[in-house]
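**Q** Please read through the structure below; I'll follow up with questions.
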Amino acid sequence: MQKHSSVGLALGSGGTRGFAHIGVLQVLQEARIDVTAVAGSSIGGLIGAVYATGAPVDRMEQLAVNLPLSRWVDVTVPRLGLIAGERFHRLIKLLTKEADFSDARVPLAIVATDLELGERVVFTSGPIHEAVRASIAIPGIFVPHRIDGRMLVDGGVIDRVPIQAVRDLGADFVVAVDVGLFERLPPVKHIWDVIVQSIDIMEREVFRYRILDADFVVRPQLDLMSSTAFSGVDKAIEAGRLAMREALPRLLEALEQRGGT
(Lines give C-alpha, C1' and ligand atoms only; values in the text may rest on other atoms or scores of the structure.)
Protein backbone atom coordinates (compact mmCIF):
# COMPACT_ATOMS: atom_id res chain seq x y z
CA MET A 1 0.00 0.00 0.00
CA GLN A 2 1.29 3.42 -0.90
CA LYS A 3 2.07 5.74 1.98
CA HIS A 4 0.28 9.05 1.72
CA SER A 5 1.15 12.59 2.68
CA SER A 6 1.04 13.88 6.26
CA VAL A 7 -1.62 16.05 7.85
CA GLY A 8 -2.14 18.19 10.91
CA LEU A 9 -5.25 17.46 12.96
CA ALA A 10 -7.43 20.01 14.74
CA LEU A 11 -9.63 18.07 17.18
CA GLY A 12 -12.65 19.95 18.43
CA SER A 13 -14.56 20.23 21.68
CA GLY A 14 -17.92 18.57 22.26
CA GLY A 15 -17.94 16.68 25.55
CA THR A 16 -18.31 12.92 25.28
CA ARG A 17 -19.26 13.30 21.60
CA GLY A 18 -15.55 13.93 21.15
CA PHE A 19 -14.76 10.23 21.50
CA ALA A 20 -15.55 10.23 17.77
CA HIS A 21 -12.00 11.56 17.36
CA ILE A 22 -10.71 8.06 18.16
CA GLY A 23 -12.60 6.61 15.20
CA VAL A 24 -11.17 9.30 12.92
CA LEU A 25 -7.64 8.48 14.08
CA GLN A 26 -8.21 4.78 13.46
CA VAL A 27 -9.22 5.31 9.83
CA LEU A 28 -6.32 7.68 9.17
CA GLN A 29 -3.96 5.05 10.53
CA GLU A 30 -5.54 2.33 8.37
CA ALA A 31 -5.06 4.59 5.34
CA ARG A 32 -1.40 5.15 6.31
CA ILE A 33 -1.87 8.88 6.49
CA ASP A 34 0.72 10.31 8.85
CA VAL A 35 -0.50 12.70 11.51
CA THR A 36 2.47 14.99 12.09
CA ALA A 37 0.86 17.61 14.36
CA VAL A 38 -2.18 17.70 16.64
CA ALA A 39 -4.02 20.54 18.35
CA GLY A 40 -7.09 20.07 20.49
CA SER A 41 -9.67 21.90 22.57
CA SER A 42 -11.40 20.26 25.54
CA ILE A 43 -12.13 16.58 24.74
CA GLY A 44 -10.19 17.07 21.51
CA GLY A 45 -7.23 18.14 23.64
CA LEU A 46 -7.54 15.03 25.80
CA ILE A 47 -7.78 12.63 22.84
CA GLY A 48 -4.98 14.44 21.02
CA ALA A 49 -2.75 14.35 24.10
CA VAL A 50 -3.26 10.62 24.69
CA TYR A 51 -2.51 9.95 21.02
CA ALA A 52 0.55 12.23 20.96
CA THR A 53 2.01 10.55 24.04
CA GLY A 54 2.11 7.21 22.29
CA ALA A 55 -1.12 5.34 22.98
CA PRO A 56 -2.08 2.98 20.10
CA VAL A 57 -5.44 4.01 18.68
CA ASP A 58 -6.99 0.56 19.17
CA ARG A 59 -5.94 0.68 22.82
CA MET A 60 -7.50 4.13 23.06
CA GLU A 61 -10.83 2.66 21.96
CA GLN A 62 -10.60 -0.12 24.55
CA LEU A 63 -9.86 2.38 27.29
CA ALA A 64 -12.63 4.76 26.24
CA VAL A 65 -15.28 2.03 26.07
CA ASN A 66 -14.31 0.18 29.24
CA LEU A 67 -13.06 2.93 31.54
CA PRO A 68 -15.72 3.79 34.15
CA LEU A 69 -15.52 7.54 33.62
CA SER A 70 -18.30 8.26 36.11
CA ARG A 71 -16.05 7.00 38.91
CA TRP A 72 -13.60 9.80 38.15
CA VAL A 73 -16.21 12.51 38.77
CA ASP A 74 -15.82 14.26 42.13
CA VAL A 75 -18.93 16.36 42.73
CA THR A 76 -18.24 19.35 44.95
CA VAL A 77 -20.22 22.06 46.73
CA PRO A 78 -20.96 24.54 43.91
CA ARG A 79 -18.84 27.67 44.02
CA LEU A 80 -16.81 27.74 40.82
CA GLY A 81 -18.08 24.45 39.37
CA LEU A 82 -20.07 21.28 40.05
CA ILE A 83 -17.05 18.96 39.66
CA ALA A 84 -13.80 19.57 41.51
CA GLY A 85 -11.82 17.85 38.75
CA GLU A 86 -9.09 16.45 41.00
CA ARG A 87 -9.95 12.82 40.21
CA PHE A 88 -10.15 13.57 36.52
CA HIS A 89 -6.80 15.32 36.70
CA ARG A 90 -5.29 12.14 38.17
CA LEU A 91 -6.78 10.18 35.28
CA ILE A 92 -5.30 12.61 32.74
CA LYS A 93 -1.89 12.18 34.37
CA LEU A 94 -2.17 8.40 33.96
CA LEU A 95 -3.36 8.57 30.35
CA THR A 96 -0.64 11.01 29.29
CA LYS A 97 2.10 9.28 31.33
CA GLU A 98 2.80 12.62 33.07
CA ALA A 99 4.72 13.60 29.94
CA ASP A 100 5.83 17.08 28.97
CA PHE A 101 5.05 18.54 25.55
CA SER A 102 8.69 17.98 24.64
CA ASP A 103 8.13 14.22 25.13
CA ALA A 104 5.25 13.99 22.63
CA ARG A 105 5.92 11.85 19.58
CA VAL A 106 4.25 14.48 17.36
CA PRO A 107 4.06 18.25 17.94
CA LEU A 108 1.09 18.96 20.21
CA ALA A 109 -0.88 22.06 21.19
CA ILE A 110 -3.66 22.28 23.77
CA VAL A 111 -6.02 25.26 23.83
CA ALA A 112 -7.67 26.74 26.91
CA THR A 113 -9.49 30.01 27.66
CA ASP A 114 -8.41 32.61 30.21
CA LEU A 115 -11.68 33.29 32.01
CA GLU A 116 -10.56 36.62 33.48
CA LEU A 117 -8.90 38.12 30.41
CA GLY A 118 -11.08 36.50 27.74
CA GLU A 119 -8.02 35.30 25.85
CA ARG A 120 -7.10 32.14 24.01
CA VAL A 121 -4.20 30.32 25.69
CA VAL A 122 -2.24 27.81 23.61
CA PHE A 123 0.02 25.39 25.48
CA THR A 124 2.99 23.84 23.67
CA SER A 125 5.37 23.41 26.62
CA GLY A 126 5.27 22.19 30.20
CA PRO A 127 3.33 19.24 31.66
CA ILE A 128 0.69 18.02 29.21
CA HIS A 129 -1.71 16.97 31.97
CA GLU A 130 -1.88 20.53 33.35
CA ALA A 131 -2.86 21.93 29.95
CA VAL A 132 -5.47 19.22 29.34
CA ARG A 133 -7.01 19.69 32.80
CA ALA A 134 -7.44 23.39 31.97
CA SER A 135 -8.80 22.70 28.49
CA ILE A 136 -11.53 20.31 29.67
CA ALA A 137 -12.86 22.68 32.36
CA ILE A 138 -16.36 23.25 30.99
CA PRO A 139 -17.57 26.49 32.64
CA GLY A 140 -20.04 25.81 35.43
CA ILE A 141 -19.34 22.06 35.32
CA PHE A 142 -15.63 21.77 36.20
CA VAL A 143 -13.87 24.05 38.64
CA PRO A 144 -11.48 26.23 36.56
CA HIS A 145 -7.81 25.29 36.61
CA ARG A 146 -5.08 27.76 37.49
CA ILE A 147 -1.73 27.75 35.70
CA ASP A 148 0.80 30.53 36.34
CA GLY A 149 -1.88 32.58 38.07
CA ARG A 150 -4.34 32.40 35.17
CA MET A 151 -7.85 31.05 35.72
CA LEU A 152 -8.43 28.73 32.77
CA VAL A 153 -11.49 26.99 31.36
CA ASP A 154 -12.55 24.96 28.33
CA GLY A 155 -10.66 25.83 25.17
CA GLY A 156 -13.84 25.41 23.14
CA VAL A 157 -15.28 28.59 24.63
CA ILE A 158 -12.95 30.66 22.46
CA ASP A 159 -11.62 28.16 19.87
CA ARG A 160 -13.85 25.13 19.34
CA VAL A 161 -11.70 23.51 16.65
CA PRO A 162 -8.16 24.92 16.93
CA ILE A 163 -7.20 25.16 13.28
CA GLN A 164 -4.70 27.98 13.66
CA ALA A 165 -3.02 26.27 16.61
CA VAL A 166 -2.15 23.19 14.55
CA ARG A 167 -1.08 25.34 11.61
CA ASP A 168 1.25 27.19 13.97
CA LEU A 169 2.87 23.82 14.73
CA GLY A 170 3.97 23.68 11.11
CA ALA A 171 1.11 21.78 9.47
CA ASP A 172 0.51 22.92 5.89
CA PHE A 173 -2.58 20.73 5.42
CA VAL A 174 -5.09 20.86 8.28
CA VAL A 175 -7.92 18.38 8.78
CA ALA A 176 -10.50 19.81 11.19
CA VAL A 177 -12.69 17.33 13.07
CA ASP A 178 -15.85 19.06 14.26
CA VAL A 179 -17.95 17.04 16.71
CA GLY A 180 -20.11 19.99 17.71
CA LEU A 181 -22.31 20.28 14.62
CA PHE A 182 -25.97 19.49 15.22
CA GLU A 183 -29.37 20.01 13.68
CA ARG A 184 -31.08 19.27 16.97
CA LEU A 185 -29.68 18.79 20.44
CA PRO A 186 -30.83 15.98 22.76
CA PRO A 187 -33.55 16.63 25.35
CA VAL A 188 -32.46 18.65 28.39
CA LYS A 189 -32.65 16.43 31.49
CA HIS A 190 -30.55 18.13 34.17
CA ILE A 191 -28.47 21.20 34.98
CA TRP A 192 -25.42 19.76 33.21
CA ASP A 193 -27.38 19.73 29.94
CA VAL A 194 -28.54 23.32 30.46
CA ILE A 195 -24.96 24.56 30.90
CA VAL A 196 -23.26 22.43 28.27
CA GLN A 197 -25.86 22.80 25.53
CA SER A 198 -25.94 26.57 26.02
CA ILE A 199 -22.18 26.59 25.48
CA ASP A 200 -22.57 24.27 22.45
CA ILE A 201 -24.93 26.77 20.82
CA MET A 202 -22.62 29.69 21.54
CA GLU A 203 -19.55 27.85 20.24
CA ARG A 204 -21.33 26.91 17.02
CA GLU A 205 -22.02 30.55 16.23
CA VAL A 206 -18.46 31.64 17.07
CA PHE A 207 -17.01 28.88 14.89
CA ARG A 208 -19.28 29.37 11.87
CA TYR A 209 -16.67 31.27 9.83
CA ARG A 210 -13.44 29.93 11.34
CA ILE A 211 -14.08 26.53 9.77
CA LEU A 212 -13.23 28.12 6.42
CA ASP A 213 -9.59 28.20 7.52
CA ALA A 214 -9.31 24.41 7.43
CA ASP A 215 -8.10 22.55 4.34
CA PHE A 216 -10.48 19.67 5.01
CA VAL A 217 -13.38 19.16 7.43
CA VAL A 218 -14.78 15.94 8.92
CA ARG A 219 -18.10 16.09 10.78
CA PRO A 220 -19.27 12.84 12.43
CA GLN A 221 -23.04 12.48 12.63
CA LEU A 222 -23.75 12.79 16.36
CA ASP A 223 -27.20 14.41 16.47
CA LEU A 224 -29.16 13.69 19.66
CA MET A 225 -26.08 12.31 21.42
CA SER A 226 -25.63 14.13 24.70
CA SER A 227 -22.23 15.67 25.29
CA THR A 228 -22.55 14.91 29.00
CA ALA A 229 -23.56 11.22 28.85
CA PHE A 230 -21.06 8.58 29.90
CA SER A 231 -22.91 5.96 27.83
CA GLY A 232 -22.72 5.66 24.06
CA VAL A 233 -18.94 6.09 23.81
CA ASP A 234 -18.77 3.14 21.41
CA LYS A 235 -21.39 4.76 19.18
CA ALA A 236 -19.43 8.01 19.10
CA ILE A 237 -16.25 6.17 18.07
CA GLU A 238 -18.14 4.34 15.34
CA ALA A 239 -19.62 7.63 14.10
CA GLY A 240 -16.06 8.95 13.79
CA ARG A 241 -14.99 5.89 11.80
CA LEU A 242 -17.98 6.14 9.47
CA ALA A 243 -17.46 9.85 8.83
CA MET A 244 -13.75 9.46 8.12
CA ARG A 245 -14.23 6.43 5.86
CA GLU A 246 -16.85 8.31 3.88
CA ALA A 247 -14.57 11.34 3.60
CA LEU A 248 -11.38 9.37 2.88
CA PRO A 249 -11.56 9.34 -0.95
CA ARG A 250 -12.01 13.12 -0.98
CA LEU A 251 -9.17 13.56 1.50
CA LEU A 252 -6.79 11.43 -0.55
CA GLU A 253 -7.73 13.38 -3.67
CA ALA A 254 -7.12 16.68 -1.86
CA LEU A 255 -3.72 15.49 -0.63
CA GLU A 256 -2.79 14.32 -4.11
CA GLN A 257 -3.70 17.70 -5.55
CA ARG A 258 -1.33 19.22 -3.02
CA GLY A 259 1.37 17.03 -4.55
CA GLY A 260 1.83 14.93 -1.47
CA THR A 261 1.40 11.27 -2.43
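Following the order of the C-alpha coordinates, first chain is A, next is B, and so on, with residues numbered from 1 inside each chain and ligands from 1 in the order they appear.
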Give me the residues of region 46-113 of chain A that have any atom at most 10 Å from an atom of region 5-20 of chain A; for each, the nearest atom pair and the distance in Å, rounded to one decimal. Use only C-alpha atoms, sort by chain and number, and format it as a tab-separated table.

**A**
```
residue	atom	partner	partner_atom	distance
A:Leu46	CA	A:Gly18	CA	9.3
A:Ile47	CA	A:Phe19	CA	7.5
A:Gly48	CA	A:Leu11	CA	7.0
A:Met60	CA	A:Phe19	CA	9.6
A:Glu61	CA	A:Phe19	CA	8.5
A:Ala64	CA	A:Phe19	CA	7.5
A:Val65	CA	A:Phe19	CA	9.4
A:Val106	CA	A:Gly8	CA	9.8
A:Pro107	CA	A:Gly8	CA	9.4
A:Leu108	CA	A:Leu9	CA	9.8
A:Ala109	CA	A:Ala10	CA	9.4
A:Ile110	CA	A:Leu11	CA	9.8
```

**Q** Excluding same-chain residues fewer than 3 positions from Val153 (chain A), what lies within 8 Å of it counting only C-alpha atoms, as JSON, numbers by chain?

**A** {"A": [112, 113, 114, 115, 134, 135, 136, 137, 138, 139, 144, 145, 157]}

**Q** Counting only C-alpha atoms, what is within 8 Å of Ala99 (chain A), bar same-chain residues fewer than 2 positions away, as a PyMOL selection string?

**A** chain A and resi 53+96-97+101-104+127-129

**Q** I need the residues from that last selection saved to file as an mmCIF file, in the first residue's frame (with N, CA, C and O atoms), if you can.

**A**
```
data_model
loop_
_atom_site.group_PDB
_atom_site.id
_atom_site.type_symbol
_atom_site.label_atom_id
_atom_site.label_comp_id
_atom_site.auth_asym_id
_atom_site.auth_seq_id
_atom_site.Cartn_x
_atom_site.Cartn_y
_atom_site.Cartn_z
ATOM 1 N N THR A 53 1.089 11.131 23.068
ATOM 2 C CA THR A 53 2.012 10.550 24.038
ATOM 3 C C THR A 53 2.195 9.053 23.843
ATOM 4 O O THR A 53 2.759 8.375 24.696
ATOM 5 N N THR A 96 -1.699 10.313 30.032
ATOM 6 C CA THR A 96 -0.639 11.013 29.288
ATOM 7 C C THR A 96 0.758 10.706 29.840
ATOM 8 O O THR A 96 1.739 11.323 29.428
ATOM 9 N N LYS A 97 0.819 9.757 30.775
ATOM 10 C CA LYS A 97 2.104 9.284 31.330
ATOM 11 C C LYS A 97 2.897 10.408 31.990
ATOM 12 O O LYS A 97 4.130 10.348 32.067
ATOM 13 N N PHE A 101 5.252 18.355 26.987
ATOM 14 C CA PHE A 101 5.046 18.542 25.554
ATOM 15 C C PHE A 101 6.291 18.132 24.764
ATOM 16 O O PHE A 101 6.183 17.610 23.655
ATOM 17 N N SER A 102 7.448 18.332 25.337
ATOM 18 C CA SER A 102 8.690 17.978 24.642
ATOM 19 C C SER A 102 8.844 16.470 24.466
ATOM 20 O O SER A 102 9.637 16.022 23.637
ATOM 21 N N ASP A 103 8.071 15.683 25.230
ATOM 22 C CA ASP A 103 8.132 14.222 25.127
ATOM 23 C C ASP A 103 7.185 13.663 24.074
ATOM 24 O O ASP A 103 7.261 12.478 23.739
ATOM 25 N N ALA A 104 6.266 14.477 23.577
ATOM 26 C CA ALA A 104 5.251 13.994 22.629
ATOM 27 C C ALA A 104 5.898 13.489 21.348
ATOM 28 O O ALA A 104 6.879 14.064 20.865
ATOM 29 N N PRO A 127 4.032 20.517 31.470
ATOM 30 C CA PRO A 127 3.327 19.245 31.660
ATOM 31 C C PRO A 127 2.030 19.192 30.852
ATOM 32 O O PRO A 127 1.190 20.086 30.959
ATOM 33 N N ILE A 128 1.885 18.150 30.056
ATOM 34 C CA ILE A 128 0.694 18.025 29.214
ATOM 35 C C ILE A 128 -0.571 17.923 30.057
ATOM 36 O O ILE A 128 -1.610 18.512 29.724
ATOM 37 N N HIS A 129 -0.498 17.185 31.171
ATOM 38 C CA HIS A 129 -1.706 16.966 31.969
ATOM 39 C C HIS A 129 -2.265 18.270 32.535
ATOM 40 O O HIS A 129 -3.487 18.415 32.669
#
```

**Q** Could you tell me which of A:Leu152, A:Val233, A:Leu28, A:Val50 comes closest to Asn66 (chain A) if we count only C-alpha atoms?

**A**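 Closest candidate: A:Val233.
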
**Q** If DSSP is run on the backbone, what residues of region 63-171 of chain A are helix (DSSP H, G or I)? A reply as a VMD selection string would be ideal.

**A** chain A and resid 63 to 66 69 to 72 86 to 95 101 to 103 128 to 135 155 to 157 163 to 168

**Q** Write out as a PDB file with N, CA and C atoms, in the first residue's frame all residues of region 26-87 of chain A that DSSP puts in strand (DSSP E or B) for this structure's backbone.

**A**
```
ATOM      1  N   ILE A  33      -2.046   7.438   6.567  1.00  0.00           N
ATOM      2  CA  ILE A  33      -1.874   8.885   6.487  1.00  0.00           C
ATOM      3  C   ILE A  33      -1.207   9.338   7.784  1.00  0.00           C
ATOM      4  N   ASP A  34      -0.018   9.876   7.669  1.00  0.00           N
ATOM      5  CA  ASP A  34       0.723  10.310   8.851  1.00  0.00           C
ATOM      6  C   ASP A  34       0.091  11.551   9.462  1.00  0.00           C
ATOM      7  N   VAL A  35      -0.088  11.521  10.764  1.00  0.00           N
ATOM      8  CA  VAL A  35      -0.500  12.700  11.510  1.00  0.00           C
ATOM      9  C   VAL A  35       0.769  13.283  12.131  1.00  0.00           C
ATOM     10  N   THR A  36       1.194  14.442  11.652  1.00  0.00           N
ATOM     11  CA  THR A  36       2.470  14.992  12.086  1.00  0.00           C
ATOM     12  C   THR A  36       2.330  16.172  13.043  1.00  0.00           C
ATOM     13  N   ALA A  37       1.107  16.565  13.362  1.00  0.00           N
ATOM     14  CA  ALA A  37       0.865  17.609  14.365  1.00  0.00           C
ATOM     15  C   ALA A  37      -0.589  17.509  14.804  1.00  0.00           C
ATOM     16  N   VAL A  38      -0.829  17.782  16.087  1.00  0.00           N
ATOM     17  CA  VAL A  38      -2.178  17.705  16.642  1.00  0.00           C
ATOM     18  C   VAL A  38      -2.411  18.895  17.561  1.00  0.00           C
ATOM     19  N   ALA A  39      -3.576  19.529  17.402  1.00  0.00           N
ATOM     20  CA  ALA A  39      -4.020  20.538  18.353  1.00  0.00           C
ATOM     21  C   ALA A  39      -5.437  20.186  18.760  1.00  0.00           C
ATOM     22  N   GLY A  40      -5.764  20.427  20.021  1.00  0.00           N
ATOM     23  CA  GLY A  40      -7.093  20.072  20.493  1.00  0.00           C
ATOM     24  C   GLY A  40      -7.632  21.033  21.526  1.00  0.00           C
ATOM     25  N   SER A  41      -8.957  21.155  21.537  1.00  0.00           N
ATOM     26  CA  SER A  41      -9.667  21.898  22.572  1.00  0.00           C
ATOM     27  C   SER A  41     -10.551  20.933  23.338  1.00  0.00           C
ATOM     28  N   VAL A  75     -17.968  15.260  42.566  1.00  0.00           N
ATOM     29  CA  VAL A  75     -18.926  16.359  42.726  1.00  0.00           C
ATOM     30  C   VAL A  75     -18.558  17.156  43.973  1.00  0.00           C
ATOM     31  N   GLY A  81     -17.730  25.543  40.269  1.00  0.00           N
ATOM     32  CA  GLY A  81     -18.081  24.450  39.368  1.00  0.00           C
ATOM     33  C   GLY A  81     -18.707  23.309  40.137  1.00  0.00           C
ATOM     34  N   LEU A  82     -19.405  22.419  39.422  1.00  0.00           N
ATOM     35  CA  LEU A  82     -20.070  21.280  40.051  1.00  0.00           C
ATOM     36  C   LEU A  82     -19.111  20.125  40.319  1.00  0.00           C
ATOM     37  N   ILE A  83     -18.020  20.049  39.534  1.00  0.00           N
ATOM     38  CA  ILE A  83     -17.052  18.964  39.661  1.00  0.00           C
ATOM     39  C   ILE A  83     -15.696  19.558  40.014  1.00  0.00           C
TER      40      ILE A  83
END
```

**Q** Residues near region 245-253 of chain A, anyone? I mean within 12 Å using only C-alpha atoms, not counting same-chain ones fewer than 2 positions away, as a PyMOL selection string.

**A** chain A and resi 2-7+23-33+173-177+215-221+238-243+255-261

**Q** Just checking: using only C-alpha atoms, which residue out of A:Arg71, A:Arg79, A:Arg150, A:Arg167 ends up closest to Glu119 (chain A)?

**A**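 Checking each of A:Arg71, A:Arg79, A:Arg150, A:Arg167 against Glu119 (chain A), counting only C-alpha atoms, the winner is A:Arg150.
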
**Q** Determine the nearest neighbour of Asp58 (chain A) from the options A:Gln164, A:Ile22, A:Ile92, A:Asp148, counting only C-alpha atoms.

**A**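 Of A:Gln164, A:Ile22, A:Ile92, A:Asp148, the one nearest Asp58 (chain A), counting only C-alpha atoms, is A:Ile22.
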
**Q** If you measure from CA of Phe123 (chain A) to CA of Val57 (chain A), what distance in Å do you get, rounded to one decimal?

**A**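 Result for CA of Phe123 (chain A) versus CA of Val57 (chain A): 23.1 Å, one decimal.
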